[in-house]
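Just data.tsv here, TSV, C-alpha atoms:
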```tsv
chain	number	residue	atom	x	y	z
A	748	MET	CA	-4.47	-4.65	-26.39
A	749	ARG	CA	-5.59	-1.82	-24.14
A	750	ASP	CA	-5.50	-1.04	-20.43
A	751	HIS	CA	-8.30	-2.42	-18.27
A	752	PRO	CA	-8.76	-0.24	-15.18
A	753	HIS	CA	-9.41	-1.75	-11.80
A	754	GLY	CA	-8.53	-5.29	-12.74
A	755	GLU	CA	-11.39	-5.72	-15.20
A	756	ASN	CA	-9.77	-8.37	-17.39
A	757	ALA	CA	-11.27	-11.17	-19.42
A	758	PRO	CA	-10.38	-14.51	-17.76
A	759	HIS	CA	-7.94	-15.67	-20.44
A	760	SER	CA	-6.73	-12.42	-21.95
A	761	HIS	CA	-3.65	-10.67	-20.68
A	762	PRO	CA	-3.55	-6.97	-21.57
A	763	ASP	CA	-0.29	-5.09	-22.06
A	764	VAL	CA	-0.87	-3.38	-18.72
A	765	TRP	CA	-3.05	-4.73	-15.91
A	766	THR	CA	-4.13	-2.33	-13.18
A	767	GLY	CA	-6.01	-2.84	-9.97
A	768	ARG	CA	-6.52	-1.14	-6.65
A	769	ALA	CA	-7.91	-1.54	-3.18
A	770	THR	CA	-9.45	1.18	-1.03
A	771	ASN	CA	-10.09	1.56	2.69
A	772	ARG	CA	-12.68	4.18	3.48
A	773	VAL	CA	-12.17	3.75	7.26
A	774	GLN	CA	-8.81	5.49	6.84
A	775	TRP	CA	-10.72	8.69	6.00
A	776	LEU	CA	-12.11	8.69	9.56
A	777	LEU	CA	-8.58	8.51	10.96
A	778	ALA	CA	-7.54	11.32	8.62
A	779	LEU	CA	-10.41	13.43	9.97
A	780	GLY	CA	-9.10	12.78	13.49
A	781	GLY	CA	-5.68	14.05	12.40
A	782	ALA	CA	-7.26	17.14	10.84
A	783	ALA	CA	-9.20	17.77	14.06
A	784	CYS	CA	-6.01	17.55	16.10
A	785	MET	CA	-4.33	20.06	13.78
A	786	ALA	CA	-7.36	22.36	14.03
A	787	LEU	CA	-7.15	22.19	17.83
A	788	GLY	CA	-3.49	23.21	17.69
A	789	ILE	CA	-4.28	26.12	15.38
A	790	GLU	CA	-7.23	27.14	17.57
A	791	LEU	CA	-4.97	27.15	20.65
A	792	ALA	CA	-2.39	29.25	18.80
A	793	VAL	CA	-4.88	31.80	17.52
A	794	ASP	CA	-7.21	32.20	20.50
A	795	SER	CA	-4.75	32.07	23.37
A	796	ALA	CA	-3.23	35.11	25.01
A	797	TRP	CA	0.20	33.40	24.90
A	798	THR	CA	0.61	34.22	28.58
A	799	SER	CA	1.17	30.63	29.68
A	800	GLY	CA	4.53	30.34	27.84
A	801	ALA	CA	6.21	26.99	27.27
A	802	PRO	CA	3.22	24.76	28.09
A	803	LEU	CA	1.08	26.53	25.51
A	804	VAL	CA	3.83	26.35	22.87
A	805	MET	CA	4.26	22.65	23.58
A	806	ALA	CA	0.50	22.05	23.31
A	807	VAL	CA	0.24	23.94	20.00
A	808	VAL	CA	3.28	22.26	18.46
A	809	GLY	CA	2.24	18.85	19.80
A	810	CYS	CA	-1.31	19.09	18.44
A	811	ILE	CA	-0.17	20.29	15.03
A	812	ALA	CA	2.64	17.72	14.78
A	813	ALA	CA	0.43	14.84	15.90
A	814	GLY	CA	-2.33	15.99	13.55
A	815	LEU	CA	0.05	16.16	10.57
A	816	LEU	CA	1.51	12.75	11.39
A	817	VAL	CA	-1.92	11.10	11.65
A	818	LEU	CA	-3.34	12.98	8.66
A	819	PHE	CA	-0.54	12.20	6.23
A	820	GLY	CA	0.14	8.75	7.67
A	821	THR	CA	-3.45	7.68	7.06
A	822	LEU	CA	-3.89	9.40	3.71
A	823	ALA	CA	-0.84	7.52	2.42
A	824	PHE	CA	-2.74	4.26	2.89
A	825	VAL	CA	-6.31	5.16	1.88
A	826	HIS	CA	-5.74	3.11	-1.26
A	827	VAL	CA	-3.12	1.07	-3.07
A	828	ALA	CA	-2.71	0.82	-6.83
A	829	LEU	CA	-1.11	-2.18	-8.52
A	830	ARG	CA	0.22	-2.02	-12.07
A	831	VAL	CA	1.65	-4.99	-13.96
A	832	ASP	CA	3.31	-4.57	-17.35
A	833	ASP	CA	5.53	-6.93	-19.33
A	834	GLU	CA	8.62	-6.29	-17.18
A	835	HIS	CA	7.57	-4.95	-13.77
A	836	LEU	CA	5.01	-4.94	-11.02
A	837	GLU	CA	4.54	-1.54	-9.38
A	838	VAL	CA	2.73	-0.79	-6.13
A	839	ARG	CA	1.83	2.82	-5.31
A	840	CYS	CA	0.15	3.95	-2.11
A	841	GLY	CA	-2.12	6.90	-1.44
A	842	HIS	CA	-2.88	9.91	-3.57
A	843	ILE	CA	0.72	10.90	-4.25
A	844	GLY	CA	1.92	7.36	-4.88
A	845	LEU	CA	4.29	7.07	-1.93
A	846	PRO	CA	5.54	4.76	-0.70
A	847	ARG	CA	6.13	3.07	-4.02
A	848	ARG	CA	7.73	-0.26	-4.84
A	849	ARG	CA	8.73	-1.43	-8.32
A	850	ILE	CA	9.59	-5.12	-8.63
A	851	PRO	CA	11.10	-6.54	-11.82
A	852	LEU	CA	9.17	-9.66	-12.85
A	853	SER	CA	12.56	-11.33	-13.38
A	854	HIS	CA	12.88	-11.32	-9.55
A	855	VAL	CA	9.53	-13.08	-9.07
A	856	ALA	CA	9.45	-16.89	-8.85
A	857	GLY	CA	5.68	-17.19	-8.46
A	858	ALA	CA	2.42	-15.49	-7.53
A	859	THR	CA	-0.38	-16.84	-5.36
A	860	TYR	CA	-3.94	-15.66	-4.77
A	861	ILE	CA	-4.81	-15.34	-1.08
A	862	PRO	CA	-8.50	-14.83	-0.23
A	863	HIS	CA	-8.08	-13.45	3.30
A	864	VAL	CA	-5.38	-10.88	4.05
A	865	THR	CA	-6.06	-9.08	7.34
A	866	PRO	CA	-4.34	-6.08	8.90
A	867	ARG	CA	-4.30	-7.98	12.20
A	868	HIS	CA	-1.95	-10.64	10.78
A	869	TRP	CA	0.48	-7.94	9.64
A	870	GLY	CA	0.30	-5.68	12.70
A	871	GLY	CA	-2.00	-3.07	11.17
A	872	TRP	CA	-2.61	-1.15	7.98
A	873	GLY	CA	0.15	0.23	5.83
A	874	TYR	CA	3.52	-0.86	4.53
A	875	ARG	CA	4.56	-3.73	6.80
A	876	TRP	CA	7.52	-6.01	7.35
A	877	ARG	CA	7.59	-9.08	9.53
A	878	PRO	CA	10.63	-11.36	9.56
A	879	GLU	CA	8.56	-14.54	9.51
A	880	LYS	CA	6.11	-13.32	6.84
A	881	GLY	CA	7.96	-10.92	4.53
A	882	THR	CA	6.79	-7.50	3.34
A	883	ALA	CA	3.23	-6.34	2.68
A	884	VAL	CA	1.09	-3.39	1.70
A	885	VAL	CA	-2.22	-3.84	3.50
A	886	VAL	CA	-4.90	-1.18	3.10
A	887	ARG	CA	-7.93	-3.33	3.91
A	888	ARG	CA	-8.93	-6.89	4.77
A	889	GLY	CA	-9.78	-9.15	1.88
A	890	GLU	CA	-8.17	-10.71	-1.13
A	891	GLY	CA	-4.58	-10.17	-2.11
A	892	VAL	CA	-1.55	-11.31	-4.07
A	893	VAL	CA	1.52	-12.95	-2.59
A	894	LEU	CA	4.67	-12.76	-4.69
A	895	GLU	CA	7.33	-15.37	-4.01
A	896	MET	CA	10.72	-13.89	-4.90
A	897	TRP	CA	13.70	-15.88	-6.19
A	898	ASP	CA	15.66	-14.81	-3.09
A	899	GLY	CA	13.12	-16.51	-0.78
A	900	HIS	CA	11.34	-13.33	0.36
A	901	THR	CA	7.63	-12.67	-0.12
A	902	PHE	CA	5.68	-9.53	-0.92
A	903	THR	CA	1.94	-9.36	-0.22
A	904	VAL	CA	-0.43	-6.66	-1.45
A	905	THR	CA	-4.18	-6.29	-0.99
A	906	VAL	CA	-5.90	-5.60	-4.29
A	907	ASP	CA	-9.37	-6.08	-5.74
A	908	ASP	CA	-9.63	-8.85	-8.35
A	909	ALA	CA	-6.45	-10.45	-7.01
A	910	GLU	CA	-7.14	-13.69	-8.89
A	911	ALA	CA	-6.91	-11.84	-12.21
A	912	ALA	CA	-3.70	-10.14	-11.07
A	913	VAL	CA	-2.17	-13.53	-10.23
A	914	GLN	CA	-3.15	-14.91	-13.66
A	915	VAL	CA	-1.55	-11.94	-15.42
A	916	ILE	CA	1.62	-12.15	-13.32
A	917	GLN	CA	1.97	-15.90	-13.78
A	918	ALA	CA	1.52	-15.56	-17.54
A	919	ARG	CA	4.45	-13.11	-17.64
A	920	LEU	CA	6.90	-15.01	-15.46
A	921	ARG	CA	9.85	-16.59	-17.18
A	922	PRO	CA	11.25	-19.74	-15.63
A	923	ARG	CA	14.79	-19.40	-14.35
A	924	LYS	CA	17.27	-21.82	-15.79
A	925	PRO	CA	19.08	-23.99	-13.21
A	926	GLY	CA	22.33	-22.35	-12.14
A	927	ALA	CA	21.37	-18.97	-13.65
A	928	PRO	CA	22.35	-15.99	-11.47
A	929	ALA	CA	19.66	-13.79	-9.94
A	930	HIS	CA	19.21	-10.35	-11.50
```
Step by step, read the file and then write its structure as structure tokens.
Amino acid sequence: MRDHPHGENAPHSHPDVWTGRATNRVQWLLALGGAACMALGIELAVDSAWTSGAPLVMAVVGCIAAGLLVLFGTLAFVHVALRVDDEHLEVRCGHIGLPRRRIPLSHVAGATYIPHVTPRHWGGWGYRWRPEKGTAVVVRRGEGVVLEMWDGHTFTVTVDDAEAAVQVIQARLRPRKPGAPAH
């Protein structure tokens, strides 16, 4: 079988590798804000007479640092890519693929489709952890996959065509024998 990009899978076929992704175009606006902040810092550095000393240095460094933080922090979560093969599920964020999480399917007890994942329920966009909910990668509101791990933790990820992802994951899970140790 061959790869099917963006979760385009036939309902009952399970390709060797399933891929899907989710994108949040609003994050680009935040990235532009970060770029503007950096530009302001550079503008201050270039056009100032440097006669005001420490306050000017602090303003330049602050604008550039804040701009870099916002720019790279938002670009890391513009999109998320999900890849499921026979042995692992891998989540990669942003254009450089970081943060990344690789989960062996032997650690997964089950997978559930969830139609409404919202950043508000997780405290915002990005890679999130909440003690009562588990861990999540949320790049937009909408459908997602919840993995139930054998150790009792959960991992949620927003992805387009989440129902197909759940079908593929469930088809690849191997039931754990009673009394078998966790991997």
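Comparing A:Gly814, A:Pro878, A:Gly870, A:Gly788 by their smallest distance to Gly899 in chain A, the closest is A:Pro878 (using only C-alpha atoms).
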Proximity of range 769-799 of chain A to range 834-854 of chain A: per-residue shortest pair, 12 Å limit, all atoms listed in the file, as a Markdown table:
```
| residue | atom | partner | partner_atom | distance |
| --- | --- | --- | --- | --- |
| A:Ala769 | CA | A:Cys840 | CA | 9.8 |
| A:Thr770 | CA | A:Gly841 | CA | 9.3 |
| A:Asn771 | CA | A:Gly841 | CA | 10.4 |
| A:Arg772 | CA | A:Gly841 | CA | 12.0 |
| A:Gln774 | CA | A:Gly841 | CA | 10.7 |
| A:Trp775 | CA | A:Gly841 | CA | 11.5 |
```
Original post:
Hey, what's within 8 Å of Tyr860 in chain A if we count only C-alpha atoms and toss same-chain stuff fewer than 2 positions away? As a PyMOL selection string, please?
Top reply: chain A and resi 858+862+890-893+909-910+913
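Shortest atom-to-atom contact with Glu879 in chain A among A:Gly780, A:Val764, A:Thr901, A:Val825: A:Thr901, counting all atoms listed in the file.
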Subject >> range 904-907 of chain A surroundings by all atoms listed in the file, 8 Å radius, close-in-sequence under 3 positions cut, as a VMD selection string >> reply: chain A and resid 753 to 754 767 to 769 827 to 829 864 883 to 893
Original post:
Which is closer to Arg875 in chain A than all the others in A:His826, A:Met805, A:Thr821, A:Phe902, using only C-alpha atoms?
Top reply: A:Phe902
Subject >> Neighbours of point (-3.7, 23.9, 14.6) within 9 Å, using all atoms listed in the file, written as a count of residues only >> reply: 18
Original post:
How far is it from CA of Glu895 in chain A to CA of Pro922 in chain A, in Å with one decimal?
Top reply: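 Computing it gives 13.0 Å between the two atoms.
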Would you mind completing range 780-810 of chain A to N, CA and C atoms and writing the output as a PDB file, keeping the file's coordinate frame?
```
ATOM      1  N   GLY A 780      -9.628  12.612  12.129  1.00  0.00           N
ATOM      2  CA  GLY A 780      -9.100  12.780  13.490  1.00  0.00           C
ATOM      3  C   GLY A 780      -7.805  13.569  13.489  1.00  0.00           C
ATOM      4  N   GLY A 781      -6.931  13.289  12.528  1.00  0.00           N
ATOM      5  CA  GLY A 781      -5.680  14.050  12.400  1.00  0.00           C
ATOM      6  C   GLY A 781      -5.947  15.508  12.082  1.00  0.00           C
ATOM      7  N   ALA A 782      -6.906  15.766  11.183  1.00  0.00           N
ATOM      8  CA  ALA A 782      -7.260  17.140  10.840  1.00  0.00           C
ATOM      9  C   ALA A 782      -7.837  17.870  12.048  1.00  0.00           C
ATOM     10  N   ALA A 783      -8.636  17.163  12.859  1.00  0.00           N
ATOM     11  CA  ALA A 783      -9.200  17.770  14.060  1.00  0.00           C
ATOM     12  C   ALA A 783      -8.108  18.127  15.056  1.00  0.00           C
ATOM     13  N   CYS A 784      -7.129  17.273  15.190  1.00  0.00           N
ATOM     14  CA  CYS A 784      -6.010  17.550  16.100  1.00  0.00           C
ATOM     15  C   CYS A 784      -5.227  18.782  15.627  1.00  0.00           C
ATOM     16  N   MET A 785      -5.006  18.874  14.318  1.00  0.00           N
ATOM     17  CA  MET A 785      -4.330  20.060  13.780  1.00  0.00           C
ATOM     18  C   MET A 785      -5.165  21.318  14.025  1.00  0.00           C
ATOM     19  N   ALA A 786      -6.473  21.209  13.817  1.00  0.00           N
ATOM     20  CA  ALA A 786      -7.360  22.360  14.030  1.00  0.00           C
ATOM     21  C   ALA A 786      -7.318  22.807  15.486  1.00  0.00           C
ATOM     22  N   LEU A 787      -7.256  21.844  16.407  1.00  0.00           N
ATOM     23  CA  LEU A 787      -7.150  22.190  17.830  1.00  0.00           C
ATOM     24  C   LEU A 787      -5.858  22.960  18.092  1.00  0.00           C
ATOM     25  N   GLY A 788      -4.758  22.503  17.515  1.00  0.00           N
ATOM     26  CA  GLY A 788      -3.490  23.210  17.690  1.00  0.00           C
ATOM     27  C   GLY A 788      -3.538  24.619  17.142  1.00  0.00           C
ATOM     28  N   ILE A 789      -4.152  24.792  15.988  1.00  0.00           N
ATOM     29  CA  ILE A 789      -4.280  26.120  15.380  1.00  0.00           C
ATOM     30  C   ILE A 789      -5.202  26.997  16.221  1.00  0.00           C
ATOM     31  N   GLU A 790      -6.298  26.408  16.700  1.00  0.00           N
ATOM     32  CA  GLU A 790      -7.230  27.140  17.570  1.00  0.00           C
ATOM     33  C   GLU A 790      -6.523  27.631  18.832  1.00  0.00           C
ATOM     34  N   LEU A 791      -5.727  26.754  19.449  1.00  0.00           N
ATOM     35  CA  LEU A 791      -4.970  27.150  20.650  1.00  0.00           C
ATOM     36  C   LEU A 791      -4.019  28.299  20.334  1.00  0.00           C
ATOM     37  N   ALA A 792      -3.361  28.211  19.178  1.00  0.00           N
ATOM     38  CA  ALA A 792      -2.390  29.250  18.800  1.00  0.00           C
ATOM     39  C   ALA A 792      -3.059  30.593  18.543  1.00  0.00           C
ATOM     40  N   VAL A 793      -4.205  30.565  17.912  1.00  0.00           N
ATOM     41  CA  VAL A 793      -4.880  31.800  17.520  1.00  0.00           C
ATOM     42  C   VAL A 793      -5.624  32.450  18.680  1.00  0.00           C
ATOM     43  N   ASP A 794      -6.335  31.637  19.466  1.00  0.00           N
ATOM     44  CA  ASP A 794      -7.210  32.200  20.500  1.00  0.00           C
ATOM     45  C   ASP A 794      -6.560  32.389  21.866  1.00  0.00           C
ATOM     46  N   SER A 795      -5.353  31.929  22.040  1.00  0.00           N
ATOM     47  CA  SER A 795      -4.750  32.070  23.370  1.00  0.00           C
ATOM     48  C   SER A 795      -4.066  33.422  23.512  1.00  0.00           C
ATOM     49  N   ALA A 796      -3.894  33.830  24.730  1.00  0.00           N
ATOM     50  CA  ALA A 796      -3.230  35.110  25.010  1.00  0.00           C
ATOM     51  C   ALA A 796      -1.720  34.936  25.024  1.00  0.00           C
ATOM     52  N   TRP A 797      -1.231  33.734  24.866  1.00  0.00           N
ATOM     53  CA  TRP A 797       0.200  33.400  24.900  1.00  0.00           C
ATOM     54  C   TRP A 797       0.847  33.848  26.210  1.00  0.00           C
ATOM     55  N   THR A 798       0.061  33.837  27.281  1.00  0.00           N
ATOM     56  CA  THR A 798       0.610  34.220  28.580  1.00  0.00           C
ATOM     57  C   THR A 798       1.123  33.011  29.358  1.00  0.00           C
ATOM     58  N   SER A 799       0.756  31.810  28.913  1.00  0.00           N
ATOM     59  CA  SER A 799       1.170  30.630  29.680  1.00  0.00           C
ATOM     60  C   SER A 799       2.514  30.074  29.205  1.00  0.00           C
ATOM     61  N   GLY A 800       3.168  30.677  28.225  1.00  0.00           N
ATOM     62  CA  GLY A 800       4.530  30.340  27.840  1.00  0.00           C
ATOM     63  C   GLY A 800       4.742  28.963  27.262  1.00  0.00           C
ATOM     64  N   ALA A 801       5.745  28.276  27.807  1.00  0.00           N
ATOM     65  CA  ALA A 801       6.210  26.990  27.270  1.00  0.00           C
ATOM     66  C   ALA A 801       5.108  25.923  27.202  1.00  0.00           C
ATOM     67  N   PRO A 802       4.265  25.786  28.215  1.00  0.00           N
ATOM     68  CA  PRO A 802       3.220  24.760  28.090  1.00  0.00           C
ATOM     69  C   PRO A 802       2.287  24.985  26.900  1.00  0.00           C
ATOM     70  N   LEU A 803       1.946  26.234  26.641  1.00  0.00           N
ATOM     71  CA  LEU A 803       1.080  26.530  25.510  1.00  0.00           C
ATOM     72  C   LEU A 803       1.789  26.232  24.192  1.00  0.00           C
ATOM     73  N   VAL A 804       3.049  26.622  24.076  1.00  0.00           N
ATOM     74  CA  VAL A 804       3.830  26.350  22.870  1.00  0.00           C
ATOM     75  C   VAL A 804       3.913  24.842  22.635  1.00  0.00           C
ATOM     76  N   MET A 805       4.178  24.104  23.708  1.00  0.00           N
ATOM     77  CA  MET A 805       4.260  22.650  23.580  1.00  0.00           C
ATOM     78  C   MET A 805       2.924  22.056  23.154  1.00  0.00           C
ATOM     79  N   ALA A 806       1.823  22.562  23.680  1.00  0.00           N
ATOM     80  CA  ALA A 806       0.500  22.050  23.310  1.00  0.00           C
ATOM     81  C   ALA A 806       0.190  22.348  21.846  1.00  0.00           C
ATOM     82  N   VAL A 807       0.492  23.555  21.395  1.00  0.00           N
ATOM     83  CA  VAL A 807       0.240  23.940  20.000  1.00  0.00           C
ATOM     84  C   VAL A 807       1.086  23.088  19.054  1.00  0.00           C
ATOM     85  N   VAL A 808       2.376  23.034  19.312  1.00  0.00           N
ATOM     86  CA  VAL A 808       3.280  22.260  18.460  1.00  0.00           C
ATOM     87  C   VAL A 808       2.926  20.778  18.498  1.00  0.00           C
ATOM     88  N   GLY A 809       2.612  20.260  19.674  1.00  0.00           N
ATOM     89  CA  GLY A 809       2.240  18.850  19.800  1.00  0.00           C
ATOM     90  C   GLY A 809       0.980  18.507  19.038  1.00  0.00           C
ATOM     91  N   CYS A 810      -0.051  19.341  19.166  1.00  0.00           N
ATOM     92  CA  CYS A 810      -1.310  19.090  18.440  1.00  0.00           C
ATOM     93  C   CYS A 810      -1.102  19.157  16.931  1.00  0.00           C
TER      94      CYS A 810
END
```
